[in-house]
file data_22.txt (compact mmCIF, C-alpha atoms and all ligand atoms)
# COMPACT_ATOMS: atom_id res chain seq x y z
CA MET A 12 108.05 99.41 91.96
CA LYS A 13 105.98 97.92 94.79
CA LYS A 14 104.21 100.55 96.90
CA ASN A 15 104.45 100.47 100.66
CA ILE A 16 102.97 102.55 103.46
CA LEU A 17 106.06 104.76 103.75
CA LYS A 18 105.95 105.60 100.03
CA ILE A 19 102.26 106.49 100.37
CA LEU A 20 102.98 108.74 103.38
CA ASN A 21 105.84 110.43 101.53
CA LEU A 22 103.58 111.39 98.63
CA LYS A 23 101.65 113.89 100.79
CA ASN A 24 102.27 117.40 99.41
CA LYS A 25 104.10 115.91 96.40
CA ARG A 26 101.44 114.53 94.06
CA PRO A 27 97.85 113.27 94.38
CA LEU A 28 97.36 109.60 95.25
CA VAL A 29 95.38 107.60 92.70
CA CYS A 30 93.05 105.09 94.35
CA LEU A 31 90.17 102.89 93.16
CA THR A 32 88.22 99.86 94.35
CA ALA A 33 88.51 96.32 92.95
CA TYR A 34 86.76 93.11 93.88
CA SER A 35 88.18 90.65 91.36
CA LYS A 36 91.20 89.52 89.34
CA PRO A 37 90.51 91.26 85.98
CA PHE A 38 90.00 94.64 87.65
CA ALA A 39 92.99 94.16 89.97
CA LYS A 40 95.26 93.49 87.00
CA ILE A 41 94.19 96.64 85.16
CA LEU A 42 94.12 98.91 88.22
CA ASP A 43 97.57 97.78 89.30
CA LYS A 44 99.06 99.60 86.29
CA TYR A 45 97.55 102.94 87.29
CA CYS A 46 96.77 103.07 90.99
CA ASP A 47 98.79 103.72 94.13
CA ILE A 48 96.13 102.07 96.27
CA VAL A 49 93.54 99.43 95.40
CA LEU A 50 90.77 99.05 97.97
CA VAL A 51 88.70 95.91 98.30
CA GLY A 52 85.78 97.95 99.59
CA ASP A 53 82.69 96.61 101.27
CA SER A 54 80.91 98.62 98.55
CA LEU A 55 81.00 95.22 96.83
CA ALA A 56 77.75 94.62 98.76
CA THR A 57 75.85 97.07 96.57
CA ALA A 58 78.05 97.12 93.45
CA MET A 59 78.45 93.33 93.05
CA TYR A 60 75.86 91.60 95.18
CA GLY A 61 72.93 93.98 94.72
CA MET A 62 72.43 94.44 98.48
CA LYS A 63 70.67 97.62 99.69
CA ASN A 64 73.63 98.77 101.78
CA THR A 65 76.94 97.58 103.25
CA HIS A 66 75.50 96.60 106.65
CA ASN A 67 75.50 92.83 106.19
CA VAL A 68 78.70 91.90 104.38
CA SER A 69 80.43 88.88 105.89
CA ILE A 70 84.09 88.66 106.72
CA GLU A 71 84.31 85.52 104.50
CA THR A 72 83.10 87.58 101.51
CA MET A 73 85.71 90.28 102.18
CA ILE A 74 88.42 87.63 102.47
CA ARG A 75 87.38 85.83 99.28
CA HIS A 76 87.50 89.04 97.22
CA GLY A 77 90.60 90.24 99.08
CA VAL A 78 92.50 87.09 98.08
CA SER A 79 91.43 87.44 94.45
CA VAL A 80 92.53 91.09 94.27
CA LYS A 81 95.74 90.93 96.29
CA SER A 82 97.07 87.89 94.43
CA ASN A 83 96.76 89.86 91.20
CA LEU A 84 98.46 93.08 92.31
CA ARG A 85 102.18 93.54 91.77
CA LYS A 86 102.69 97.22 92.56
CA ALA A 87 99.67 98.86 94.16
CA LEU A 88 99.06 98.87 97.90
CA CYS A 89 96.16 96.56 98.73
CA ILE A 90 93.68 97.55 101.44
CA VAL A 91 90.74 95.42 102.54
CA ASP A 92 87.69 96.84 104.33
CA MET A 93 86.75 95.55 107.77
CA PRO A 94 83.04 94.85 107.23
CA ALA A 95 80.34 96.14 109.60
CA ASN A 96 80.03 94.03 112.75
CA SER A 97 83.58 92.69 112.44
CA TYR A 98 85.05 95.09 115.02
CA LYS A 99 82.55 95.25 117.87
CA ASN A 100 85.21 95.40 120.59
CA ILE A 101 89.00 95.28 120.83
CA LYS A 102 89.28 91.49 121.02
CA HIS A 103 86.83 90.94 118.16
CA ALA A 104 88.50 93.61 116.00
CA LYS A 105 92.03 92.27 116.55
CA LYS A 106 90.92 88.72 115.76
CA ASN A 107 89.14 89.72 112.55
CA ALA A 108 91.79 92.18 111.38
CA LYS A 109 94.39 89.42 111.80
CA LEU A 110 92.18 86.98 109.89
CA ILE A 111 91.78 89.40 106.96
CA PHE A 112 95.45 90.41 107.03
CA ASN A 113 96.81 86.85 107.17
CA LYS A 114 94.40 85.25 104.72
CA THR A 115 94.43 87.96 102.05
CA LYS A 116 98.05 89.10 102.58
CA CYS A 117 96.78 92.66 102.14
CA ASP A 118 98.95 95.63 103.16
CA ALA A 119 96.37 97.23 105.45
CA VAL A 120 92.73 97.17 106.54
CA LYS A 121 90.26 100.06 106.49
CA VAL A 122 88.03 100.82 109.47
CA GLU A 123 85.08 103.22 109.40
CA CYS A 124 85.10 105.66 112.32
CA ASN A 125 81.89 106.09 114.32
CA GLY A 126 83.33 108.84 116.50
CA LYS A 127 83.93 106.42 119.37
CA ASN A 128 86.00 103.50 118.11
CA TYR A 129 89.50 105.07 118.38
CA ASN A 130 90.59 102.47 120.96
CA ILE A 131 89.64 99.73 118.52
CA ILE A 132 91.55 101.40 115.66
CA LYS A 133 94.58 101.87 117.94
CA ALA A 134 94.45 98.25 119.09
CA ILE A 135 94.56 97.00 115.48
CA VAL A 136 97.48 99.34 114.67
CA ASP A 137 99.30 98.26 117.86
CA SER A 138 98.87 94.62 116.86
CA GLY A 139 101.03 95.38 113.80
CA ILE A 140 98.33 95.77 111.16
CA PRO A 141 98.33 99.10 109.32
CA VAL A 142 94.94 100.84 109.26
CA MET A 143 93.35 103.34 106.90
CA GLY A 144 90.69 105.46 108.62
CA HIS A 145 87.38 106.58 107.12
CA ILE A 146 85.30 109.56 108.28
CA GLY A 147 82.45 111.71 107.00
CA TYR A 148 79.64 109.77 105.37
CA THR A 149 80.53 106.31 106.64
CA PRO A 150 78.05 103.93 104.95
CA GLN A 151 78.27 101.27 107.69
CA TYR A 152 76.76 103.73 110.20
CA PHE A 153 74.25 105.67 108.07
CA LYS A 154 70.86 104.77 106.69
CA LYS A 155 70.45 107.83 104.44
CA PHE A 156 72.99 109.67 102.29
CA LYS A 157 73.93 113.14 103.58
CA VAL A 158 76.84 115.48 102.83
CA GLN A 159 78.91 115.98 105.99
CA GLY A 160 80.64 119.00 107.51
CA THR A 161 78.51 121.83 106.19
CA LEU A 162 77.42 123.06 109.65
CA GLU A 163 80.10 124.64 111.83
CA LYS A 164 79.62 122.09 114.62
CA ASP A 165 79.85 119.13 112.19
CA SER A 166 82.97 120.59 110.65
CA THR A 167 84.58 120.87 114.10
CA ARG A 168 83.52 117.29 114.90
CA LEU A 169 85.10 115.99 111.68
CA LEU A 170 88.36 117.86 112.32
CA GLU A 171 88.43 116.29 115.77
CA GLN A 172 87.76 112.83 114.29
CA ALA A 173 90.57 113.26 111.77
CA LYS A 174 92.99 114.24 114.55
CA LYS A 175 91.92 111.33 116.74
CA ASN A 176 92.31 108.86 113.85
CA GLN A 177 95.81 110.18 113.30
CA GLU A 178 96.57 109.82 117.03
CA ALA A 179 95.23 106.26 116.93
CA GLY A 180 97.88 105.54 114.30
CA VAL A 181 96.09 105.32 110.94
CA PHE A 182 98.38 105.97 107.97
CA SER A 183 95.75 107.74 105.87
CA ILE A 184 92.07 108.68 106.06
CA VAL A 185 89.24 108.44 103.55
CA LEU A 186 87.08 111.57 103.63
CA GLU A 187 83.70 110.62 102.24
CA CYS A 188 81.16 113.23 101.12
CA ILE A 189 82.60 116.09 103.13
CA ASN A 190 82.18 119.67 101.97
CA GLU A 191 85.13 121.46 100.39
CA THR A 192 85.94 123.87 103.24
CA THR A 193 86.04 121.13 105.86
CA ALA A 194 87.99 118.71 103.62
CA LYS A 195 90.57 121.44 102.98
CA LYS A 196 90.91 122.18 106.71
CA ILE A 197 91.38 118.47 107.51
CA THR A 198 93.96 117.98 104.74
CA ASN A 199 95.93 120.98 106.04
CA LEU A 200 95.58 119.94 109.67
CA ILE A 201 96.86 116.36 109.59
CA LYS A 202 100.23 114.96 108.54
CA ILE A 203 98.90 111.79 106.90
CA PRO A 204 97.30 111.70 103.44
CA THR A 205 93.56 112.29 103.06
CA ILE A 206 91.82 110.35 100.29
CA GLY A 207 88.65 112.02 99.09
CA ILE A 208 85.46 110.57 97.69
CA GLY A 209 83.00 113.39 97.16
CA ALA A 210 85.26 115.57 99.31
CA SER A 211 86.62 118.05 96.74
CA VAL A 212 90.01 118.45 95.14
CA TYR A 213 91.49 119.55 98.49
CA CYS A 214 92.48 116.02 99.46
CA ASP A 215 95.86 114.32 99.07
CA GLY A 216 94.33 111.68 96.82
CA GLN A 217 91.07 110.57 95.26
CA ILE A 218 89.13 107.31 95.32
CA LEU A 219 85.94 106.21 93.57
CA VAL A 220 84.10 102.93 93.36
CA THR A 221 85.42 101.60 90.04
CA ASP A 222 82.02 100.25 88.96
CA ASP A 223 80.58 103.79 89.37
CA MET A 224 83.28 105.61 87.41
CA LEU A 225 83.09 103.03 84.61
CA GLY A 226 79.31 103.43 84.32
CA LEU A 227 78.61 99.88 85.45
CA SER A 228 76.76 100.29 88.72
CA GLY A 229 73.80 102.52 87.89
CA PHE A 230 74.72 104.61 90.97
CA TYR A 231 75.73 108.10 89.92
CA PRO A 232 75.53 110.73 92.64
CA LYS A 233 77.01 114.19 91.92
CA PHE A 234 80.50 113.25 93.13
CA VAL A 235 80.84 110.41 90.62
CA LYS A 236 82.17 111.19 87.19
CA LYS A 237 81.53 108.49 84.60
CA PHE A 238 84.89 108.28 82.82
CA VAL A 239 83.52 105.72 80.38
CA ASN A 240 80.12 104.08 79.95
CA LEU A 241 80.90 100.37 80.11
CA ASN A 242 77.24 99.57 80.50
CA ASN A 243 76.63 100.76 76.93
CA ILE A 244 79.73 99.00 75.61
CA ILE A 245 78.67 95.70 77.21
CA GLU A 246 75.15 96.08 75.81
CA ILE A 247 76.56 96.59 72.31
CA GLY A 248 78.59 93.37 72.62
CA VAL A 249 75.73 91.33 74.06
CA GLU A 250 73.29 92.60 71.43
CA LYS A 251 75.72 91.69 68.62
CA TYR A 252 76.13 88.22 70.16
CA LYS A 253 72.37 87.72 70.36
CA LYS A 254 71.91 88.70 66.70
CA ALA A 255 74.76 86.44 65.58
CA VAL A 256 73.36 83.44 67.50
CA LEU A 257 69.82 83.99 66.21
CA LYS A 258 71.08 84.27 62.62
CA ARG A 259 73.37 81.25 63.07
CA ASN A 260 76.35 83.49 62.17
CA PHE A 261 78.03 82.37 65.38
CA PRO A 262 79.87 80.02 65.78
CA SER A 263 81.37 80.46 62.31
CA ASN A 264 83.95 78.25 60.61
CA LYS A 265 86.63 80.14 62.57
CA ASN A 266 85.10 79.12 65.86
CA LYS A 267 84.56 75.41 65.28
CA TYR A 268 86.67 72.29 65.85
O1 LIG A 301 83.69 100.44 100.32
C1 LIG A 301 84.22 101.28 99.59
O2 LIG A 301 84.34 101.07 98.39
C2 LIG A 301 84.69 102.51 100.21
C3 LIG A 301 85.01 103.73 99.44
C4 LIG A 301 85.86 104.68 100.13
C5 LIG A 301 85.15 103.81 98.05
O3 LIG A 301 84.80 102.54 101.40
call {"tool": "encode", "arguments": {"input": "data_22.txt", "output": "structure tokens"}}
result
Amino acid sequence: MKKNILKILNLKNKRPLVCLTAYSKPFAKILDKYCDIVLVGDSLATAMYGMKNTHNVSIETMIRHGVSVKSNLRKALCIVDMPANSYKNIKHAKKNAKLIFNKTKCDAVKVECNGKNYNIIKAIVDSGIPVMGHIGYTPQYFKKFKVQGTLEKDSTRLLEQAKKNQEAGVFSIVLECINETTAKKITNLIKIPTIGIGASVYCDGQILVTDDMLGLSGFYPKFVKKFVNLNNIIEIGVEKYKKAVLKRNFPSNKNKY
């Protein structure tokens, strides 16, 4: 059955939400069978395009991958990231959110919170486009990786940010790299689902970058569990192919016209 925002909201306190990223058709088709939410994350910058960070992803890139993913999902909710520099002010944000929403036909967009942009988030929500929030380690605004919420004052700041995101109208919030105590407090404090990435089991759902959890990206911080090592599996296939070509065992009679 097709997921919608209401169904996602209703799952809070019932069962954990299963979320992953996808950037292309083959992944979308597989993930659709297992995930409540598929995110076309701007992590594609590093995972797919080999960029250093997510600071320079274009809106056209997000739309291209968003179209590919959304058109191959039947059940899962599709969320597309608003890339950095696509929501500089209310007018700019509304224009770009509409562009992403209309072109990709996604169910919602995700906006990283910088502790100030609540009016922008609210304006997108008020324009009729559902928004997923994102707090903690927000890669668009950081240069160096750092776990968030360990100091008392940071924990208080994150709780405040979660509340303000909720007030701005987001339907769920990604908590990225937030320590367990703070993540638990946020999850208990707000009514909407929290989706953790490196934010402990005390979240209403979990998300990972699919390329990381499949062992494809080469990026394995502590919060990533490699559920399979696709890198090795691909190498085995490519090595076998190389040997077969060099020995003229491929193409065989079965493969010729
Ligand atoms: O860009 C991304 O993939 C994200 C994560 C939450 C996984 O924002």
call {"tool": "closest_residue", "arguments": {"input": "data_22.txt", "among": "A:Lys236, A:Lys40, A:Lys63, A:Lys121", "to": "ligand LIG 301 (chain A)", "atoms": "only C-alpha atoms and all ligand atoms"}}
result
A:Lys121
call {"tool": "closest_atom_pairs", "arguments": {"input": "data_22.txt", "of": "chain A", "to": "ligand LIG 301 (chain A)", "cutoff": "6 Å", "atoms": "only C-alpha atoms and all ligand atoms", "output": "Markdown table"}}
result
| residue | atom | partner | partner_atom | distance |
| --- | --- | --- | --- | --- |
| A:Thr32 | CA | A:LIG301 | O2 | 5.7 |
| A:Gly52 | CA | A:LIG301 | O1 | 3.3 |
| A:Asp53 | CA | A:LIG301 | O1 | 4.1 |
| A:Ser54 | CA | A:LIG301 | O1 | 3.8 |
| A:Ile218 | CA | A:LIG301 | C5 | 6.0 |
| A:Leu219 | CA | A:LIG301 | C5 | 5.1 |
| A:Val220 | CA | A:LIG301 | C5 | 4.9 |
call {"tool": "residues_near_point", "arguments": {"input": "data_22.txt", "point": "(80.7, 109.0, 119.3)", "cutoff": "12 Å", "atoms": "all atoms listed in the file", "output": "number ranges by chain"}}
result
A: 124-130, 146, 152, 168-169, 171-172, 175
call {"tool": "atom_distance", "arguments": {"input": "data_22.txt", "atom1": "CA of Ile48 (chain A)", "atom2": "CA of Thr192 (chain A)"}}
result
25.1 Å
call {"tool": "residues_around", "arguments": {"input": "data_22.txt", "residues": "region 72-77 of chain A", "least_positions_apart": "4", "cutoff": "7 Å", "atoms": "only C-alpha atoms", "output": "list in words"}}
result
Tyr34, Ser35, Val51, Val68, Lys81, Val91, Ile111, Lys114 and Thr115 of chain A
call {"tool": "write_last_selection", "arguments": {"input": "data_22.txt", "atoms": "C-alpha atoms", "output": "short mmCIF file (atom, residue, chain, number, x, y, z; two decimals), keeping the file's coordinate frame"}}
result
data_model
loop_
_atom_site.label_atom_id
_atom_site.label_comp_id
_atom_site.auth_asym_id
_atom_site.auth_seq_id
_atom_site.Cartn_x
_atom_site.Cartn_y
_atom_site.Cartn_z
CA TYR A 34 86.76 93.11 93.88
CA SER A 35 88.18 90.65 91.36
CA VAL A 51 88.70 95.91 98.30
CA VAL A 68 78.70 91.90 104.38
CA LYS A 81 95.74 90.93 96.29
CA VAL A 91 90.74 95.42 102.54
CA ILE A 111 91.78 89.40 106.96
CA LYS A 114 94.40 85.25 104.72
CA THR A 115 94.43 87.96 102.05
#
call {"tool": "closest_residue", "arguments": {"input": "data_22.txt", "among": "A:Lys233, A:Lys14, A:Lys267, A:His145", "to": "Ala87 (chain A)", "atoms": "all atoms listed in the file"}}
result
A:Lys14
call {"tool": "closest_residue", "arguments": {"input": "data_22.txt", "among": "A:Thr221, A:Thr193, A:Ser79, A:Cys188", "to": "Glu163 (chain A)", "atoms": "all atoms listed in the file"}}
result
A:Thr193
call {"tool": "residues_around", "arguments": {"input": "data_22.txt", "residues": "Met224 (chain A)", "least_positions_apart": "6", "cutoff": "8 Å", "atoms": "only C-alpha atoms", "output": "PyMOL selection string"}}
result
chain A and resi 235-239
call {"tool": "closest_residue", "arguments": {"input": "data_22.txt", "among": "A:Ser183, A:Asp165, A:Gly216, A:Lys196", "to": "Asp47 (chain A)", "atoms": "all atoms listed in the file"}}
result
A:Gly216
call {"tool": "residues_around", "arguments": {"input": "data_22.txt", "residues": "Asp118 (chain A)", "least_positions_apart": "6", "cutoff": "7 Å", "atoms": "only C-alpha atoms", "output": "PDB file with C-alpha atoms, in the coordinates of the input"}}
result
ATOM      1  CA  LEU A  88      99.060  98.870  97.900  1.00  0.00           C
ATOM      2  CA  CYS A  89      96.160  96.560  98.730  1.00  0.00           C
ATOM      3  CA  ILE A  90      93.680  97.550 101.440  1.00  0.00           C
TER       4      ILE A  90
END
call {"tool": "atom_distance", "arguments": {"input": "data_22.txt", "atom1": "CA of Leu110 (chain A)", "atom2": "CA of Ser82 (chain A)"}}
result
16.2 Å
call {"tool": "closest_residue", "arguments": {"input": "data_22.txt", "among": "A:Gly248, A:Pro232, A:Pro150, A:Pro27", "to": "Thr57 (chain A)", "atoms": "all atoms listed in the file"}}
result
A:Pro150
call {"tool": "atom_distance", "arguments": {"input": "data_22.txt", "atom1": "CA of Lys86 (chain A)", "atom2": "CA of Cys30 (chain A)"}}
result
12.6 Å
call {"tool": "closest_residue", "arguments": {"input": "data_22.txt", "among": "A:Ile197, A:Leu186, A:Leu28, A:Ile244", "to": "Ala210 (chain A)", "atoms": "only C-alpha atoms"}}
result
A:Leu186
call {"tool": "residues_near_point", "arguments": {"input": "data_22.txt", "point": "(97.6, 97.2, 114.1)", "cutoff": "10 Å", "atoms": "all atoms listed in the file", "output": "number ranges by chain"}}
result
A: 104-105, 108-109, 119-120, 131-142, 179-181
